[in-house]
Amino acid sequence: MEILLQHLQKIQDKNGFITQEDIIATSSKFSKSPAEIYEATSFYSKFNLLNGPKKIIKICDSPTCHIKDGEKLLGVAEKLLNTKIGQDEKKFRLESCQCLGECDKGPVMMIDNDLFTNLTEKKLEQIFKEQKIL
Amino acid sequence: MQIKRKTNFENFKKAKKISPGGVIKKIEKSGLCGRGGANFPTGLKWKMCKPSKYLICNADESEPGKFKDKFILENNPELAIEGINIAMHALKAQQCFFYLREEYSKFKTALEKIIKEKSEYDIQIVIGAGSYICGEETAILNSIEGLRAETRHKPPYPNEFGLFGEKTCINNIETLCRVSLVFEDDYENENILFSISGDVQNPGVYEEKQGITLKYLSEKVGAIDPKAIFFCASGGCLPFQKDLILSCKEIAKTGNFFQTGIIFVNHDRNIPDICRSITQFFNDENCGKCLPCREGNFRLLQLFQVILERKWTKEEFQIIEDLIDFIPNGSQCGLGKSSTTTLKSAIKYFKNEFDKLIE
Ligand code: SF4
Ligand code: FES
């Protein structure tokens, strides 16, 4: 059975974002109105309905990572990348996110589909360099 | 660990020799209860669901402090698939959807391989798209149907009107693993998976019996200077007491809700600050359907952000206390109803830390 969520995942993974055209094409595929597809798409945090492909950097600030200084790391990341949480930059967007199911290895971060655990300030800078964000 | 046992689908063979009704009776007799959090007796659920068209295996774990589903997916996914096969047989179901949270999509290939090689039933993997509420049993239905994952009004319950309007049974992945283990000779019904995190030397997943003491657990995981424990984000919190018994019944007596994810917190941590992060969690993850949950948690978060700058006024703290009762009373689903449990017990047990923040 073709599931809408999976179809959208494919577009998101391939292009890094979902456009209005994608929504219209999807709507005819699933015999729904574009509004219905948009309504569903906009609910899920994974789908990027904004402008253009970019790396999404998510640092967890749910309780377990929070006590391990997840919030502080977000601040460090803001400074390093010269951005604000949730602000769209050309190449990336930094986000504060909720639990990634890796609480025993906190604080953790995901850049697109790659996971980074047991973060420290130093490690953060190094990863950003390796990922060519810095 | 029983959960790591390689059963090689022998238990499914045993189950197939028994009638579907017989399997349900066996599960009922074993006393197995759901491991998704609600603790509902699995045999009884199956009795109410039988026959079902669909079975949903819920592996959308996203509660902060819980990572046992991931542990199963990493260590013994075959046991889950075997459990699904037994459930499909017992429920006379036609199709299973295996709902994985997005961050666990790396396990998809391995799961598909097991399904192809071993499963007798059609199991389709569905990957979520980053939403905590999808773990709720009616939100998961909407999500699979391609709708916003808002919860549905109950009744009708999924066993009457579930996925695509058909009878549907939803079980947590650990529950389905235990279903298979029930067919082992040395099955232990009290075994549960604890997810341990926070200020400990050895965080991770432990299989222990319900009813162990906190002393035993804290020594085993190497708790460092423990001040408090949190039961995930939604179960509440308690001051560290060695003789505390970790079971549903005992924890309920303290006004909290037993969650198997336990976060240890040391004396350097600030309890109201942890509550701020919990409030942020519920503000971000509620589905937005009911006003008390959506706006109430937003208001709470605003009030918690105040303490980053200054102290609360007495009136502000009064609003917090009012919201603690108002939100659960007006909320439709478990998320809203439990969103202030931890804050309530934090104020009850750590009042001095809150007092310092009031003018
Ligand atoms: S209580 Fe909250 S999460 Fe549950 S249905 Fe209402 S708004 Fe959604
Ligand atoms: S709290 Fe950060 S991964 Fe769970």
# chains A, B, ... in the order shown; residues from 1 in each chain; ligands from 1
>>> residues_near_ligand(ligand="ligand 1", cutoff="8 Å", atoms="only C-alpha atoms and all ligand atoms", output="VMD selection string")
chain B and resid 133 150 to 152 285 to 294 328 330 to 337
>>> residues_around(residues="Ile319 (chain B)", least_positions_apart="3", cutoff="12 Å", atoms="only C-alpha atoms", output="list in words")
Gly296, Asn297, Arg299, Leu300, Leu301, Gln302, Leu303, Phe304, Trp312, Thr313, Lys314, Glu315, Glu316, Asp322, Leu323, Ile324, Asp325, Phe326 and Ile327 of chain B
>>> write_last_selection(atoms="N, CA, C and O atoms", output="short mmCIF file (atom, residue, chain, number, x, y, z; two decimals), in the first residue's frame")
data_model
loop_
_atom_site.label_atom_id
_atom_site.label_comp_id
_atom_site.auth_asym_id
_atom_site.auth_seq_id
_atom_site.Cartn_x
_atom_site.Cartn_y
_atom_site.Cartn_z
N GLY B 296 -2.46 26.16 27.07
CA GLY B 296 -1.99 26.05 28.46
C GLY B 296 -0.50 25.79 28.53
O GLY B 296 0.22 26.43 29.29
N ASN B 297 -0.04 24.85 27.71
CA ASN B 297 1.39 24.55 27.74
C ASN B 297 2.22 25.71 27.19
O ASN B 297 3.34 25.93 27.61
N ARG B 299 1.38 28.87 27.53
CA ARG B 299 1.41 29.87 28.61
C ARG B 299 2.42 29.46 29.70
O ARG B 299 3.16 30.29 30.21
N LEU B 300 2.41 28.18 30.01
CA LEU B 300 3.37 27.67 31.01
C LEU B 300 4.81 27.95 30.56
O LEU B 300 5.63 28.39 31.35
N LEU B 301 5.05 27.68 29.29
CA LEU B 301 6.40 27.89 28.78
C LEU B 301 6.80 29.36 28.89
O LEU B 301 7.90 29.69 29.32
N GLN B 302 5.85 30.23 28.52
CA GLN B 302 6.14 31.67 28.64
C GLN B 302 6.52 32.02 30.07
O GLN B 302 7.47 32.75 30.32
N LEU B 303 5.76 31.46 31.02
CA LEU B 303 6.04 31.76 32.42
C LEU B 303 7.40 31.19 32.84
O LEU B 303 8.10 31.78 33.64
N PHE B 304 7.75 30.06 32.30
CA PHE B 304 9.04 29.48 32.65
C PHE B 304 10.20 30.25 32.03
O PHE B 304 11.32 30.22 32.54
N TRP B 312 9.66 35.17 39.58
CA TRP B 312 8.22 35.23 39.36
C TRP B 312 7.58 36.13 40.41
O TRP B 312 8.03 36.17 41.57
N THR B 313 6.50 36.80 40.03
CA THR B 313 5.69 37.44 41.05
C THR B 313 4.80 36.36 41.65
O THR B 313 4.65 35.29 41.07
N LYS B 314 4.22 36.67 42.80
CA LYS B 314 3.33 35.69 43.45
C LYS B 314 2.19 35.31 42.51
O LYS B 314 1.77 34.17 42.43
N GLU B 315 1.67 36.33 41.81
CA GLU B 315 0.54 36.08 40.90
C GLU B 315 0.95 35.13 39.78
O GLU B 315 0.20 34.25 39.40
N GLU B 316 2.14 35.36 39.27
CA GLU B 316 2.60 34.49 38.17
C GLU B 316 2.71 33.04 38.64
O GLU B 316 2.31 32.12 37.93
N ASP B 322 -2.36 27.10 38.90
CA ASP B 322 -3.70 26.90 38.32
C ASP B 322 -3.63 26.06 37.05
O ASP B 322 -4.44 25.17 36.83
N LEU B 323 -2.63 26.39 36.22
CA LEU B 323 -2.52 25.67 34.94
C LEU B 323 -2.23 24.19 35.15
O LEU B 323 -2.66 23.34 34.36
N ILE B 324 -1.52 23.88 36.23
CA ILE B 324 -1.18 22.48 36.51
C ILE B 324 -2.43 21.61 36.59
O ILE B 324 -2.45 20.47 36.17
N ASP B 325 -3.53 22.17 37.11
CA ASP B 325 -4.78 21.40 37.16
C ASP B 325 -5.63 21.63 35.93
O ASP B 325 -6.31 20.73 35.45
N PHE B 326 -5.59 22.85 35.44
CA PHE B 326 -6.46 23.20 34.32
C PHE B 326 -6.12 22.42 33.05
O PHE B 326 -7.00 21.92 32.35
N ILE B 327 -4.84 22.27 32.78
CA ILE B 327 -4.44 21.62 31.52
C ILE B 327 -4.92 20.16 31.46
O ILE B 327 -5.61 19.78 30.52
#
>>> atom_distance(atom1="CA of Ile125 (chain B)", atom2="CA of Gln12 (chain A)")
17.8 Å
>>> select_by_dssp(residues="region 75-256 of chain B", states="helix (DSSP H, G or I)", output="PyMOL selection string")
chain B and resi 75+77-91+102-118+132-135+139-144+163-165+173-181+214-221+248-253
>>> interface_residues(of="chain A", to="chain B", cutoff="10 Å", atoms="only C-alpha atoms", output="CSV table (one decimal) with N, CA and C atoms, in the first residue's frame")
chain,number,residue,atom,x,y,z
A,1,MET,N,0.9,-1.2,0.0
A,1,MET,CA,0.0,0.0,0.0
A,1,MET,C,0.9,1.2,0.0
A,2,GLU,N,0.6,2.2,-0.9
A,2,GLU,CA,1.4,3.4,-0.9
A,2,GLU,C,0.9,4.3,0.2
A,3,ILE,N,1.8,4.8,1.1
A,3,ILE,CA,1.5,5.6,2.2
A,3,ILE,C,2.0,7.0,1.9
A,4,LEU,N,1.1,8.0,2.2
A,4,LEU,CA,1.4,9.4,1.9
A,4,LEU,C,2.7,9.8,2.5
A,5,LEU,N,2.8,9.5,3.8
A,5,LEU,CA,4.0,9.9,4.6
A,5,LEU,C,5.3,9.4,3.9
A,6,GLN,N,5.3,8.2,3.4
A,6,GLN,CA,6.4,7.6,2.8
A,6,GLN,C,6.8,8.3,1.4
A,7,HIS,N,5.7,8.6,0.7
A,7,HIS,CA,5.9,9.3,-0.5
A,7,HIS,C,6.6,10.7,-0.3
A,8,LEU,N,6.1,11.4,0.8
A,8,LEU,CA,6.7,12.7,1.1
A,8,LEU,C,8.1,12.5,1.6
A,9,GLN,N,8.4,11.5,2.3
A,9,GLN,CA,9.8,11.2,2.8
A,9,GLN,C,10.7,11.1,1.6
A,30,PHE,N,-2.6,10.9,-5.0
A,30,PHE,CA,-3.4,10.3,-3.9
A,30,PHE,C,-4.9,10.7,-4.0
A,36,GLU,N,-5.4,19.4,1.3
A,36,GLU,CA,-5.3,18.2,2.2
A,36,GLU,C,-3.9,17.7,2.4
A,37,ILE,N,-3.1,17.7,1.3
A,37,ILE,CA,-1.8,17.3,1.3
A,37,ILE,C,-0.9,18.3,2.1
A,38,TYR,N,-1.2,19.6,1.9
A,38,TYR,CA,-0.4,20.6,2.6
A,38,TYR,C,-0.7,20.5,4.1
A,39,GLU,N,-2.0,20.3,4.4
A,39,GLU,CA,-2.4,20.2,5.8
A,39,GLU,C,-1.6,19.1,6.5
A,40,ALA,N,-1.5,17.9,5.9
A,40,ALA,CA,-0.7,16.8,6.5
A,40,ALA,C,0.8,17.1,6.5
A,41,THR,N,1.3,17.6,5.4
A,41,THR,CA,2.7,17.8,5.3
A,41,THR,C,3.2,18.8,6.4
A,42,SER,N,2.4,19.8,6.6
A,42,SER,CA,2.9,20.9,7.5
A,42,SER,C,2.9,20.4,9.0
A,43,PHE,N,2.3,19.3,9.3
A,43,PHE,CA,2.2,18.8,10.6
A,43,PHE,C,3.5,18.3,11.1
A,44,TYR,N,4.3,17.6,10.2
A,44,TYR,CA,5.4,16.9,10.6
A,44,TYR,C,6.7,17.7,10.6
A,45,SER,N,7.5,17.6,11.6
A,45,SER,CA,8.7,18.5,11.7
A,45,SER,C,9.7,18.1,10.7
A,46,LYS,N,9.7,16.9,10.2
A,46,LYS,CA,10.7,16.5,9.3
A,46,LYS,C,10.7,17.2,7.9
A,47,PHE,N,9.4,17.5,7.5
A,47,PHE,CA,9.3,18.1,6.2
A,47,PHE,C,9.6,19.5,6.1
A,60,CYS,N,19.5,18.3,20.5
A,60,CYS,CA,18.4,17.9,21.4
A,60,CYS,C,18.5,18.7,22.7
A,61,ASP,N,17.3,19.3,23.1
A,61,ASP,CA,17.3,20.0,24.4
A,61,ASP,C,16.1,19.4,25.2
A,62,SER,N,15.8,18.1,25.0
A,62,SER,CA,14.8,17.5,25.8
A,62,SER,C,15.5,17.2,27.2
A,63,PRO,N,14.7,16.9,28.2
A,63,PRO,CA,15.2,16.9,29.6
A,63,PRO,C,16.6,16.2,29.8
A,64,THR,N,16.7,15.0,29.3
A,64,THR,CA,18.0,14.4,29.6
A,64,THR,C,19.2,15.1,29.0
A,65,CYS,N,19.0,15.5,27.7
A,65,CYS,CA,20.1,16.2,27.1
A,65,CYS,C,20.3,17.6,27.7
A,66,HIS,N,19.1,18.2,28.2
A,66,HIS,CA,19.1,19.5,28.8
A,66,HIS,C,20.0,19.5,30.0
A,67,ILE,N,19.9,18.4,30.9
A,67,ILE,CA,20.7,18.5,32.1
A,67,ILE,C,22.2,18.2,31.7
A,68,LYS,N,22.4,17.7,30.6
A,68,LYS,CA,23.8,17.5,30.1
A,68,LYS,C,24.2,18.7,29.3
A,71,GLU,N,21.3,22.8,26.1
A,71,GLU,CA,20.9,24.2,25.8
A,71,GLU,C,22.2,25.1,25.7
A,97,CYS,N,15.8,20.7,19.1
A,97,CYS,CA,14.8,19.6,18.8
A,97,CYS,C,14.5,18.8,20.1
A,98,GLN,N,13.5,18.0,20.0
A,98,GLN,CA,13.1,17.2,21.1
A,98,GLN,C,13.7,15.8,21.0
A,99,CYS,N,13.6,15.0,22.0
A,99,CYS,CA,14.3,13.7,22.2
A,99,CYS,C,14.5,12.9,20.9
A,100,LEU,N,15.7,12.5,20.7
A,100,LEU,CA,16.1,11.7,19.5
A,100,LEU,C,16.2,10.2,19.9
A,101,GLY,N,15.9,9.8,21.1
A,101,GLY,CA,16.0,8.4,21.5
A,101,GLY,C,17.4,8.0,21.7
A,102,GLU,N,18.3,8.9,22.0
A,102,GLU,CA,19.7,8.6,22.3
A,102,GLU,C,20.1,9.2,23.6
A,103,CYS,N,19.1,9.2,24.6
A,103,CYS,CA,19.4,9.9,25.8
A,103,CYS,C,20.6,9.4,26.6
A,104,ASP,N,20.9,8.1,26.4
A,104,ASP,CA,22.0,7.6,27.2
A,104,ASP,C,23.4,8.1,26.6
A,105,LYS,N,23.3,8.8,25.5
A,105,LYS,CA,24.6,9.3,24.9
A,105,LYS,C,24.5,10.8,24.7
A,106,GLY,N,23.7,11.4,25.6
A,106,GLY,CA,23.5,12.9,25.4
A,106,GLY,C,24.7,13.7,25.9
A,110,MET,N,21.8,15.9,15.4
A,110,MET,CA,21.6,15.3,14.1
A,110,MET,C,21.8,16.3,13.0
A,113,ASN,N,20.6,13.2,8.3
A,113,ASN,CA,20.4,11.9,8.9
A,113,ASN,C,21.5,11.3,9.7
A,114,ASP,N,22.5,12.1,9.9
A,114,ASP,CA,23.7,11.6,10.7
A,114,ASP,C,23.6,12.0,12.1
A,115,LEU,N,23.9,11.1,13.0
A,115,LEU,CA,23.8,11.3,14.4
A,115,LEU,C,25.2,11.5,15.0
>>> atom_distance(atom1="CA of Phe12 (chain B)", atom2="CA of Ser119 (chain B)")
9.9 Å
>>> atom_distance(atom1="CA of Leu91 (chain B)", atom2="CA of Glu78 (chain B)")
19.8 Å
>>> residues_around(residues="Leu74 (chain A)", least_positions_apart="2", cutoff="9 Å", atoms="only C-alpha atoms", output="list in words")
Ile59, Cys60, Asp61, Asp69, Gly70, Glu71, Lys72, Val76, Ala77, Glu78, Lys79, Ile85, Leu94, Glu95 and Ser96 of chain A
>>> write_last_selection(atoms="N, CA, C and O atoms", output="CSV table (one decimal), in the first residue's frame")
chain,number,residue,atom,x,y,z
A,59,ILE,N,19.9,20.1,17.5
A,59,ILE,CA,20.5,19.7,18.8
A,59,ILE,C,19.4,19.5,19.8
A,59,ILE,O,18.5,20.3,19.9
A,60,CYS,N,19.5,18.3,20.5
A,60,CYS,CA,18.4,17.9,21.4
A,60,CYS,C,18.5,18.7,22.7
A,60,CYS,O,19.6,18.8,23.3
A,61,ASP,N,17.3,19.3,23.1
A,61,ASP,CA,17.3,20.0,24.4
A,61,ASP,C,16.1,19.4,25.2
A,61,ASP,O,15.5,20.1,26.0
A,69,ASP,N,23.6,19.8,29.5
A,69,ASP,CA,24.0,21.0,28.8
A,69,ASP,C,23.7,21.2,27.3
A,69,ASP,O,24.4,21.8,26.6
A,70,GLY,N,22.6,20.5,26.9
A,70,GLY,CA,22.1,20.6,25.5
A,70,GLY,C,21.9,22.1,25.2
A,70,GLY,O,22.2,22.5,24.1
A,71,GLU,N,21.3,22.8,26.1
A,71,GLU,CA,20.9,24.2,25.8
A,71,GLU,C,22.2,25.1,25.7
A,71,GLU,O,22.2,25.9,24.8
A,72,LYS,N,23.2,24.8,26.5
A,72,LYS,CA,24.4,25.5,26.4
A,72,LYS,C,25.1,25.3,25.0
A,72,LYS,O,25.6,26.2,24.4
A,76,VAL,N,26.4,27.7,22.0
A,76,VAL,CA,27.7,27.7,21.4
A,76,VAL,C,27.6,27.5,19.9
A,76,VAL,O,28.3,28.2,19.2
A,77,ALA,N,26.6,26.7,19.5
A,77,ALA,CA,26.4,26.5,18.0
A,77,ALA,C,26.0,27.8,17.4
A,77,ALA,O,26.5,28.2,16.3
A,78,GLU,N,25.1,28.5,18.1
A,78,GLU,CA,24.7,29.8,17.5
A,78,GLU,C,25.9,30.8,17.3
A,78,GLU,O,26.0,31.4,16.3
A,79,LYS,N,26.7,30.8,18.3
A,79,LYS,CA,27.9,31.7,18.2
A,79,LYS,C,28.8,31.2,17.1
A,79,LYS,O,29.3,32.0,16.2
A,85,ILE,N,18.8,30.3,16.5
A,85,ILE,CA,18.0,29.0,16.4
A,85,ILE,C,16.7,29.3,15.5
A,85,ILE,O,16.0,30.3,15.7
A,94,LEU,N,19.9,26.0,12.0
A,94,LEU,CA,20.1,25.4,13.3
A,94,LEU,C,18.7,25.3,14.0
A,94,LEU,O,18.0,26.2,14.1
A,95,GLU,N,18.5,24.1,14.6
A,95,GLU,CA,17.2,23.9,15.3
A,95,GLU,C,17.4,23.3,16.7
A,95,GLU,O,18.3,22.5,16.9
A,96,SER,N,16.6,23.7,17.6
A,96,SER,CA,16.5,23.0,18.9
A,96,SER,C,15.5,21.9,18.7
A,96,SER,O,14.4,22.2,18.3
>>> residues_around(residues="region 346-356 of chain B", least_positions_apart="4", cutoff="9 Å", atoms="only C-alpha atoms", output="VMD selection string")
chain B and resid 236 to 239 270 to 272 275 311 321 341 to 342
>>> residues_around(residues="region 18-30 of chain B", least_positions_apart="2", cutoff="12 Å", atoms="only C-alpha atoms", output="CSV table (one decimal) with N, CA and C atoms, in the first residue's frame")
chain,number,residue,atom,x,y,z
B,11,ASN,N,9.0,-20.2,18.8
B,11,ASN,CA,7.8,-19.9,19.5
B,11,ASN,C,6.6,-19.7,18.6
B,12,PHE,N,6.9,-19.2,17.5
B,12,PHE,CA,5.8,-19.0,16.5
B,12,PHE,C,5.2,-20.4,16.1
B,13,LYS,N,6.2,-21.3,15.9
B,13,LYS,CA,5.8,-22.7,15.5
B,13,LYS,C,4.9,-23.3,16.6
B,14,LYS,N,5.3,-23.0,17.9
B,14,LYS,CA,4.5,-23.5,19.0
B,14,LYS,C,3.1,-22.9,19.0
B,15,ALA,N,3.1,-21.6,18.7
B,15,ALA,CA,1.8,-20.9,18.7
B,15,ALA,C,0.9,-21.3,17.6
B,16,LYS,N,1.5,-21.6,16.5
B,16,LYS,CA,0.6,-22.0,15.4
B,16,LYS,C,-0.1,-23.4,15.6
B,32,LEU,N,0.6,-10.8,31.0
B,32,LEU,CA,1.4,-9.8,30.2
B,32,LEU,C,0.6,-8.5,30.1
B,33,CYS,N,1.2,-7.4,30.4
B,33,CYS,CA,0.6,-6.1,30.2
B,33,CYS,C,1.4,-5.3,29.2
B,34,GLY,N,0.7,-4.4,28.6
B,34,GLY,CA,1.3,-3.6,27.5
B,34,GLY,C,2.5,-2.8,28.0
B,40,PHE,N,-1.9,-1.9,29.9
B,40,PHE,CA,-3.2,-2.5,29.8
B,40,PHE,C,-3.0,-4.0,29.5
B,41,PRO,N,-3.8,-4.9,30.1
B,41,PRO,CA,-3.5,-6.4,29.9
B,41,PRO,C,-3.6,-6.8,28.4
B,42,THR,N,-2.6,-7.4,27.9
B,42,THR,CA,-2.5,-7.7,26.4
B,42,THR,C,-3.5,-8.7,26.0
B,43,GLY,N,-3.7,-9.7,26.8
B,43,GLY,CA,-4.7,-10.8,26.5
B,43,GLY,C,-6.1,-10.2,26.4
B,44,LEU,N,-6.4,-9.3,27.3
B,44,LEU,CA,-7.8,-8.7,27.3
B,44,LEU,C,-7.9,-7.8,26.0
B,45,LYS,N,-6.9,-7.1,25.7
B,45,LYS,CA,-6.9,-6.2,24.5
B,45,LYS,C,-7.2,-7.1,23.3
B,46,TRP,N,-6.5,-8.2,23.2
B,46,TRP,CA,-6.6,-9.1,22.0
B,46,TRP,C,-8.0,-9.6,22.0
B,47,LYS,N,-8.6,-10.0,23.1
B,47,LYS,CA,-9.9,-10.5,23.2
B,47,LYS,C,-10.9,-9.5,22.6
B,48,MET,N,-10.7,-8.2,22.9
B,48,MET,CA,-11.6,-7.2,22.5
B,48,MET,C,-11.3,-6.9,21.0
B,49,CYS,N,-10.1,-7.2,20.5
B,49,CYS,CA,-9.8,-6.8,19.1
B,49,CYS,C,-10.1,-7.9,18.1
B,50,LYS,N,-10.2,-9.1,18.6
B,50,LYS,CA,-10.3,-10.3,17.7
B,50,LYS,C,-11.6,-10.4,17.1
B,51,PRO,N,-11.8,-10.6,15.8
B,51,PRO,CA,-10.7,-10.6,14.8
B,51,PRO,C,-10.4,-9.1,14.4
B,52,SER,N,-9.2,-8.9,14.1
B,52,SER,CA,-8.8,-7.5,13.6
B,52,SER,C,-8.3,-7.6,12.2
B,83,GLY,N,7.0,-12.1,17.4
B,83,GLY,CA,5.8,-11.7,18.2
B,83,GLY,C,4.7,-11.2,17.3
B,85,ASN,N,4.1,-12.1,14.3
B,85,ASN,CA,3.5,-13.3,13.6
B,85,ASN,C,2.6,-14.0,14.6
B,86,ILE,N,3.0,-14.1,15.8
B,86,ILE,CA,2.1,-14.8,16.8
B,86,ILE,C,0.8,-14.0,16.9
B,87,ALA,N,0.9,-12.6,17.0
B,87,ALA,CA,-0.2,-11.8,17.2
B,87,ALA,C,-1.1,-11.8,15.9
B,88,MET,N,-0.5,-11.9,14.8
B,88,MET,CA,-1.3,-11.9,13.6
B,88,MET,C,-2.2,-13.2,13.5
B,89,HIS,N,-1.5,-14.3,14.0
B,89,HIS,CA,-2.2,-15.6,14.0
B,89,HIS,C,-3.4,-15.5,15.0
B,90,ALA,N,-3.1,-15.0,16.2
B,90,ALA,CA,-4.1,-14.9,17.3
B,90,ALA,C,-5.3,-14.0,16.9
B,91,LEU,N,-5.0,-12.9,16.2
B,91,LEU,CA,-6.0,-11.9,15.9
B,91,LEU,C,-6.6,-12.2,14.5
B,92,LYS,N,-6.1,-13.2,13.8
B,92,LYS,CA,-6.6,-13.5,12.5
B,92,LYS,C,-6.5,-12.2,11.6
B,93,ALA,N,-5.4,-11.5,11.8
B,93,ALA,CA,-5.3,-10.2,11.1
B,93,ALA,C,-4.7,-10.5,9.7
B,175,THR,N,6.0,-5.1,24.0
B,175,THR,CA,4.9,-6.1,24.3
B,175,THR,C,5.0,-7.3,23.3
B,176,LEU,N,5.2,-7.0,22.0
B,176,LEU,CA,5.2,-8.0,21.0
B,176,LEU,C,6.3,-9.0,21.2
B,178,ARG,N,7.6,-9.7,24.1
B,178,ARG,CA,7.2,-10.5,25.3
B,178,ARG,C,6.2,-11.5,24.9
B,179,VAL,N,5.3,-11.2,23.9
B,179,VAL,CA,4.4,-12.2,23.4
B,179,VAL,C,5.1,-13.5,23.0
B,180,SER,N,6.2,-13.3,22.3
B,180,SER,CA,7.0,-14.4,21.9
B,180,SER,C,7.6,-15.2,23.1
B,181,LEU,N,8.1,-14.4,24.0
B,181,LEU,CA,8.8,-15.0,25.2
B,181,LEU,C,7.8,-15.8,26.1
B,182,VAL,N,6.5,-15.4,26.0
B,182,VAL,CA,5.5,-16.2,26.8
B,182,VAL,C,5.6,-17.7,26.5
B,183,PHE,N,6.0,-18.0,25.3
B,183,PHE,CA,6.1,-19.4,24.9
B,183,PHE,C,7.4,-20.1,25.4
B,184,GLU,N,8.3,-19.4,26.0
B,184,GLU,CA,9.5,-20.0,26.6
B,184,GLU,C,9.1,-20.6,27.9
B,185,ASP,N,9.8,-21.7,28.3
B,185,ASP,CA,9.5,-22.3,29.6
B,185,ASP,C,9.8,-21.5,30.8
B,186,ASP,N,10.9,-20.6,30.7
B,186,ASP,CA,11.3,-19.9,31.8
B,186,ASP,C,10.8,-18.4,31.7
B,187,TYR,N,9.7,-18.2,31.1
B,187,TYR,CA,9.1,-16.8,30.9
B,187,TYR,C,8.9,-16.1,32.3
B,188,GLU,N,9.4,-14.9,32.3
B,188,GLU,CA,9.3,-14.1,33.6
B,188,GLU,C,8.4,-12.9,33.3
B,189,ASN,N,7.2,-12.9,33.8
B,189,ASN,CA,6.3,-11.8,33.4
B,189,ASN,C,6.7,-10.4,34.0
B,190,GLU,N,7.4,-10.5,35.1
B,190,GLU,CA,7.7,-9.2,35.8
B,190,GLU,C,8.9,-8.5,35.1
>>> select_by_dssp(residues="region 99-139 of chain B", states="strand (DSSP E)", output="PyMOL selection string")
chain B and resi 99-100+122-127
>>> residues_around(residues="Gly37 (chain B)", least_positions_apart="2", cutoff="10 Å", atoms="only C-alpha atoms", output="PyMOL selection string")
chain B and resi 33-35+39-40+172+235+257-260
>>> decode(residues="region 55-59 of chain A", atoms="all heavy atoms", output="CSV table (one decimal), in the first residue's frame")
chain,number,residue,atom,x,y,z
A,55,LYS,N,21.3,22.0,4.9
A,55,LYS,CA,21.6,21.1,6.0
A,55,LYS,C,20.7,21.5,7.2
A,55,LYS,O,20.7,22.7,7.6
A,55,LYS,CB,23.0,21.1,6.4
A,55,LYS,CG,23.9,20.3,5.5
A,55,LYS,CD,25.3,20.1,6.2
A,55,LYS,CE,26.3,19.6,5.2
A,55,LYS,NZ,26.2,18.3,4.7
A,56,ILE,N,20.1,20.5,7.8
A,56,ILE,CA,19.3,20.8,9.1
A,56,ILE,C,20.1,20.3,10.2
A,56,ILE,O,20.3,19.1,10.3
A,56,ILE,CB,17.9,20.2,9.0
A,56,ILE,CG1,17.1,20.6,7.7
A,56,ILE,CG2,17.1,20.6,10.3
A,56,ILE,CD1,16.6,22.0,7.7
A,57,ILE,N,20.5,21.2,11.1
A,57,ILE,CA,21.3,20.8,12.3
A,57,ILE,C,20.3,20.9,13.5
A,57,ILE,O,19.8,21.9,13.8
A,57,ILE,CB,22.4,21.8,12.5
A,57,ILE,CG1,23.2,22.0,11.2
A,57,ILE,CG2,23.3,21.4,13.7
A,57,ILE,CD1,24.1,23.3,11.3
A,58,LYS,N,20.1,19.7,14.1
A,58,LYS,CA,19.2,19.6,15.2
A,58,LYS,C,20.0,19.2,16.5
A,58,LYS,O,20.6,18.2,16.5
A,58,LYS,CB,18.1,18.6,15.0
A,58,LYS,CG,17.2,18.9,13.8
A,58,LYS,CD,16.0,18.0,13.8
A,58,LYS,CE,16.3,16.6,13.3
A,58,LYS,NZ,15.1,15.8,13.0
A,59,ILE,N,19.9,20.1,17.5
A,59,ILE,CA,20.5,19.7,18.8
A,59,ILE,C,19.4,19.5,19.8
A,59,ILE,O,18.5,20.3,19.9
A,59,ILE,CB,21.5,20.8,19.3
A,59,ILE,CG1,22.6,21.0,18.2
A,59,ILE,CG2,22.1,20.4,20.6
A,59,ILE,CD1,23.7,22.0,18.6
